[in-house]
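A.B. asks: Contents of query-v9.pdb (PDB, C-alpha atoms) are below:
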```
ATOM      1  CA  MET A   1     -21.087  59.851 -96.819
ATOM      2  CA  PHE A   2     -18.639  60.461 -94.048
ATOM      3  CA  GLY A   3     -15.198  61.844 -94.545
ATOM      4  CA  GLY A   4     -12.726  64.420 -93.421
ATOM      5  CA  GLY A   5      -9.645  62.501 -94.508
ATOM      6  CA  GLY A   6      -7.599  59.974 -92.629
ATOM      7  CA  THR A   7      -8.191  56.370 -91.694
ATOM      8  CA  TYR A   8     -11.321  55.306 -89.836
ATOM      9  CA  ALA A   9     -12.028  52.216 -87.779
ATOM     10  CA  LEU A  10     -15.389  51.066 -89.109
ATOM     11  CA  SER A  11     -17.535  49.667 -86.344
ATOM     12  CA  GLY A  12     -21.125  48.845 -85.500
ATOM     13  CA  ALA A  13     -21.570  52.457 -84.346
ATOM     14  CA  LEU A  14     -22.135  53.501 -87.963
ATOM     15  CA  PRO A  15     -25.780  53.387 -88.986
ATOM     16  CA  ASP A  16     -26.660  50.693 -91.525
ATOM     17  CA  GLY A  17     -26.742  52.034 -95.074
ATOM     18  CA  THR A  18     -23.959  54.591 -94.559
ATOM     19  CA  VAL A  19     -22.159  55.091 -97.871
ATOM     20  CA  ILE A  20     -18.429  54.462 -97.571
ATOM     21  CA  ALA A  21     -15.895  55.509-100.200
ATOM     22  CA  VAL A  22     -12.378  54.149-100.458
ATOM     23  CA  TYR A  23     -10.009  56.704-101.941
ATOM     24  CA  ASP A  24      -7.058  55.624-104.020
ATOM     25  CA  LYS A  25      -5.551  58.852-105.310
ATOM     26  CA  VAL A  26      -6.010  62.592-105.621
ATOM     27  CA  VAL A  27      -6.943  64.068-109.008
ATOM     28  CA  GLY A  28      -6.893  67.836-109.481
ATOM     29  CA  GLY A  29      -6.647  68.404-105.737
ATOM     30  CA  SER A  30      -9.747  66.318-104.976
ATOM     31  CA  PRO A  31      -9.830  62.714-103.738
ATOM     32  CA  TYR A  32     -10.725  60.192-106.439
ATOM     33  CA  PRO A  33     -12.767  57.238-105.089
ATOM     34  CA  LYS A  34     -11.526  53.733-105.840
ATOM     35  CA  ALA A  35     -14.694  52.032-104.619
ATOM     36  CA  TYR A  36     -18.026  52.746-102.949
ATOM     37  CA  GLY A  37     -19.981  50.565-100.591
ATOM     38  CA  THR A  38     -22.638  50.649 -97.912
ATOM     39  CA  TRP A  39     -22.043  49.717 -94.305
ATOM     40  CA  SER A  40     -23.986  46.776 -92.872
ATOM     41  CA  ALA A  41     -23.165  45.792 -89.292
ATOM     42  CA  ALA A  42     -25.186  42.573 -89.625
ATOM     43  CA  LYS A  43     -23.152  41.385 -92.624
ATOM     44  CA  CYS A  44     -19.884  42.109 -90.806
ATOM     45  CA  MET A  45     -21.037  40.198 -87.733
ATOM     46  CA  VAL A  46     -22.052  37.192 -89.840
ATOM     47  CA  LYS A  47     -18.630  37.188 -91.555
ATOM     48  CA  VAL A  48     -16.811  37.319 -88.203
ATOM     49  CA  LEU A  49     -18.919  34.510 -86.707
ATOM     50  CA  LEU A  50     -18.429  32.357 -89.795
ATOM     51  CA  LEU A  51     -14.668  32.891 -89.638
ATOM     52  CA  VAL A  52     -14.559  31.951 -85.936
ATOM     53  CA  LEU A  53     -16.636  28.803 -86.448
ATOM     54  CA  LEU A  54     -14.583  27.605 -89.408
ATOM     55  CA  SER A  55     -11.261  28.225 -87.697
ATOM     56  CA  SER A  56     -12.302  26.496 -84.458
ATOM     57  CA  GLY A  57     -13.118  23.304 -86.369
ATOM     58  CA  ALA A  58      -9.621  23.252 -87.813
ATOM     59  CA  PHE A  59      -8.055  23.021 -84.349
ATOM     60  CA  ALA A  60     -10.150  20.115 -83.068
ATOM     61  CA  GLN A  61      -7.834  17.425 -81.677
ATOM     62  CA  SER A  62     -10.209  14.631 -80.763
ATOM     63  CA  THR A  63     -13.303  12.796 -81.941
ATOM     64  CA  ILE A  64     -16.300  11.630 -79.924
ATOM     65  CA  LYS A  65     -17.652   8.136 -80.695
ATOM     66  CA  ARG A  66     -20.282   5.877 -79.128
ATOM     67  CA  ASP A  67     -19.476   2.447 -77.775
ATOM     68  CA  ALA A  68     -21.745  -0.633 -77.925
ATOM     69  CA  ASP A  69     -23.599   0.459 -74.746
ATOM     70  CA  GLY A  70     -24.361   3.919 -76.182
ATOM     71  CA  ASN A  71     -21.823   5.759 -74.018
ATOM     72  CA  PHE A  72     -19.789   8.584 -75.521
ATOM     73  CA  ILE A  73     -16.032   8.024 -75.627
ATOM     74  CA  GLN A  74     -13.373  10.561 -76.590
ATOM     75  CA  VAL A  75     -10.939   9.143 -79.125
ATOM     76  CA  SER A  76      -7.846  11.287 -79.507
ATOM     77  CA  LYS A  77      -5.685  11.183 -82.588
ATOM     78  CA  SER A  78      -2.350  10.014 -81.283
ATOM     79  CA  LYS A  79       0.701   9.519 -83.417
ATOM     80  CA  GLU A  80       2.142   6.066 -83.605
ATOM     81  CA  PRO A  81       5.780   5.996 -82.535
ATOM     82  CA  PRO A  82       8.345   5.283 -85.249
ATOM     83  CA  VAL A  83       9.544   1.703 -85.645
ATOM     84  CA  LYS A  84      13.191   0.644 -85.925
ATOM     85  CA  THR A  85      13.645  -1.214 -89.254
ATOM     86  CA  GLY A  86      16.753  -3.193 -88.318
ATOM     87  CA  HIS A  87      18.693  -1.515 -91.159
ATOM     88  CA  TRP A  88      21.546   0.957 -90.877
ATOM     89  CA  TYR A  89      22.423   4.214 -92.623
ATOM     90  CA  LYS A  90      26.084   5.127 -93.122
ATOM     91  CA  ASP A  91      26.780   8.829 -93.785
ATOM     92  CA  ALA A  92      29.689  10.310 -95.774
ATOM     93  CA  LYS A  93      31.831  10.496 -92.613
ATOM     94  CA  GLY A  94      31.343   6.772 -91.933
ATOM     95  CA  LYS A  95      29.023   7.190 -88.937
ATOM     96  CA  MET A  96      26.289   4.517 -88.620
ATOM     97  CA  TYR A  97      22.674   5.307 -87.665
ATOM     98  CA  ASP A  98      19.613   3.139 -86.999
ATOM     99  CA  VAL A  99      16.912   3.576 -89.649
ATOM    100  CA  TYR A 100      13.325   4.194 -88.460
ATOM    101  CA  VAL A 101      10.061   4.197 -90.394
ATOM    102  CA  THR A 102       7.034   6.393 -89.567
ATOM    103  CA  SER A 103       3.399   5.277 -89.684
ATOM    104  CA  THR A 104       3.163   7.004 -93.087
ATOM    105  CA  GLY A 105       6.089   4.988 -94.515
ATOM    106  CA  LYS A 106       8.839   7.627 -94.444
ATOM    107  CA  PHE A 107      12.336   6.521 -93.464
ATOM    108  CA  PHE A 108      14.603   8.609 -91.241
ATOM    109  CA  VAL A 109      17.571   8.536 -88.891
ATOM    110  CA  THR A 110      18.037  10.607 -85.765
ATOM    111  CA  LYS A 111      21.012  12.936 -85.681
ATOM    112  CA  VAL A 112      22.267  15.490 -83.158
ATOM    113  CA  SER A 113      22.940  19.065 -84.298
ATOM    114  CA  ALA A 114      26.558  20.125 -83.818
ATOM    115  CA  LYS A 115      25.505  23.748 -83.198
ATOM    116  CA  THR A 116      22.592  23.340 -80.789
ATOM    117  CA  GLY A 117      23.033  19.800 -79.489
ATOM    118  CA  LYS A 118      19.353  19.050 -80.229
ATOM    119  CA  GLU A 119      18.206  15.774 -81.740
ATOM    120  CA  TYR A 120      16.416  15.971 -85.106
ATOM    121  CA  ARG A 121      15.124  13.647 -87.819
ATOM    122  CA  TYR A 122      17.057  13.322 -91.073
ATOM    123  CA  TYR A 123      14.688  11.857 -93.687
ATOM    124  CA  LEU A 124      16.208   9.498 -96.253
ATOM    125  CA  GLN A 125      15.488   9.847 -99.966
ATOM    126  CA  ASN A 126      16.737   8.276-103.206
ATOM    127  CA  LYS A 127      18.470  10.227-105.959
ATOM    128  CA  ASP A 128      15.045  10.360-107.650
ATOM    129  CA  GLY A 129      13.563  12.109-104.582
ATOM    130  CA  GLY A 130      11.583   9.023-103.545
ATOM    131  CA  TYR A 131      11.927   7.041-100.344
ATOM    132  CA  PRO A 132      14.172   3.960-100.172
ATOM    133  CA  VAL A 133      12.711   0.475-100.263
ATOM    134  CA  PHE A 134      14.143  -2.130 -97.903
TER     135      PHE A 134
END
```
What is this structure when it is put down as structure tokens?
C.D. replies:
Amino acid sequence: MFGGGGTYALSGALPDGTVIAVYDKVVGGSPYPKAYGTWSAAKCMVKVLLLVLLSSGAFAQSTIKRDADGNFIQVSKSKEPPVKTGHWYKDAKGKMYDVYVTSTGKFFVTKVSAKTGKEYRYYLQNKDGGYPVF
């Protein structure tokens, strides 16, 4: 058991099997342990490596495939640009906007913010919360 009060940064410098107590409160002037455990540097290292490997897979942006000749080709996931539908959207002020559709079937118009001057997408929805059908 190691102690002396305060907060400690647990590291691999502790010998394996060291008993660690987590104190929650003081009862009768003495610390009352909330939980006990034993230190294992190997378990901590495995947890860190597993976390790094799982998170790196989440950020992968491309896929490698083989062509007919057996060569490896990188295929990146690129977004398809939105397509103009040929329909118009008229807002409450009477301004007309071209309606676009995304590759996932969502309809939107592009507007310009009065405060910042930046262009943004305004997605169109029905009263029911669904997307319009043209």
A.B. asks: Check what the PyMOL selection byres ((chain A and resi 84) around 9) selects in the file above and give those residues as a list in words.
C.D. replies: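 With the shown file as input, the PyMOL selection byres ((chain A and resi 84) around 9) matches Pro82, Val83, Thr85, Gly86, His87, Asp98, Val99, Tyr100 and Val101 of chain A.
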A.B. asks: Evaluated on this file, the PyMOL selection byres ((chain A and resi 121-124) around 8) picks out some residues - which ones are they, written as a list of chain:residue names?
C.D. replies: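 In the shown coordinates, the PyMOL selection byres ((chain A and resi 121-124) around 8) covers A:Lys106, A:Phe107, A:Phe108, A:Val109, A:Thr110, A:Lys111, A:Glu119, A:Tyr120, A:Gln125, A:Asn126, A:Tyr131, A:Pro132.
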A.B. asks: Atom CA of Tyr36 of chain A and atom CA of Pro15 of chain A, how far apart in Å?
C.D. replies: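 Pair atom CA of Pro15 of chain A / atom CA of Tyr36 of chain A returns 16.0 Å.
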A.B. asks: How big is the axis-aligned box, and where does its centre sit, when it encloses all atoms of segment 79-90 of chain A listed in the file and has 6 Å added on every side, reported in Å to one decimal as JSON?
C.D. replies:
```
{"center_x": 13.4, "center_y": 3.2, "center_z": -87.8, "size_x": 37.4, "size_y": 24.7, "size_z": 22.6}
```
A.B. asks: Tell me, in Å to one decimal, how far atom CA of Ala35 of chain A is from atom CA of Val19 of chain A.
C.D. replies: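 Atom-to-atom, atom CA of Ala35 of chain A and atom CA of Val19 of chain A are spaced 10.5 Å apart.
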A.B. asks: Could you tell me how far atom CA of Val48 of chain A lies from atom CA of Val22 of chain A, in Å and to one decimal?
C.D. replies: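 A separation of 21.3 Å between them.
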A.B. asks: Can you work out which one of A:Pro33, A:Gly105, A:Tyr97, A:Ile64 has the shortest atom-to-atom distance to Glu80 of chain A, counting only C-alpha atoms?
C.D. replies: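 Of all the options, A:Gly105 lies closest to Glu80 of chain A.
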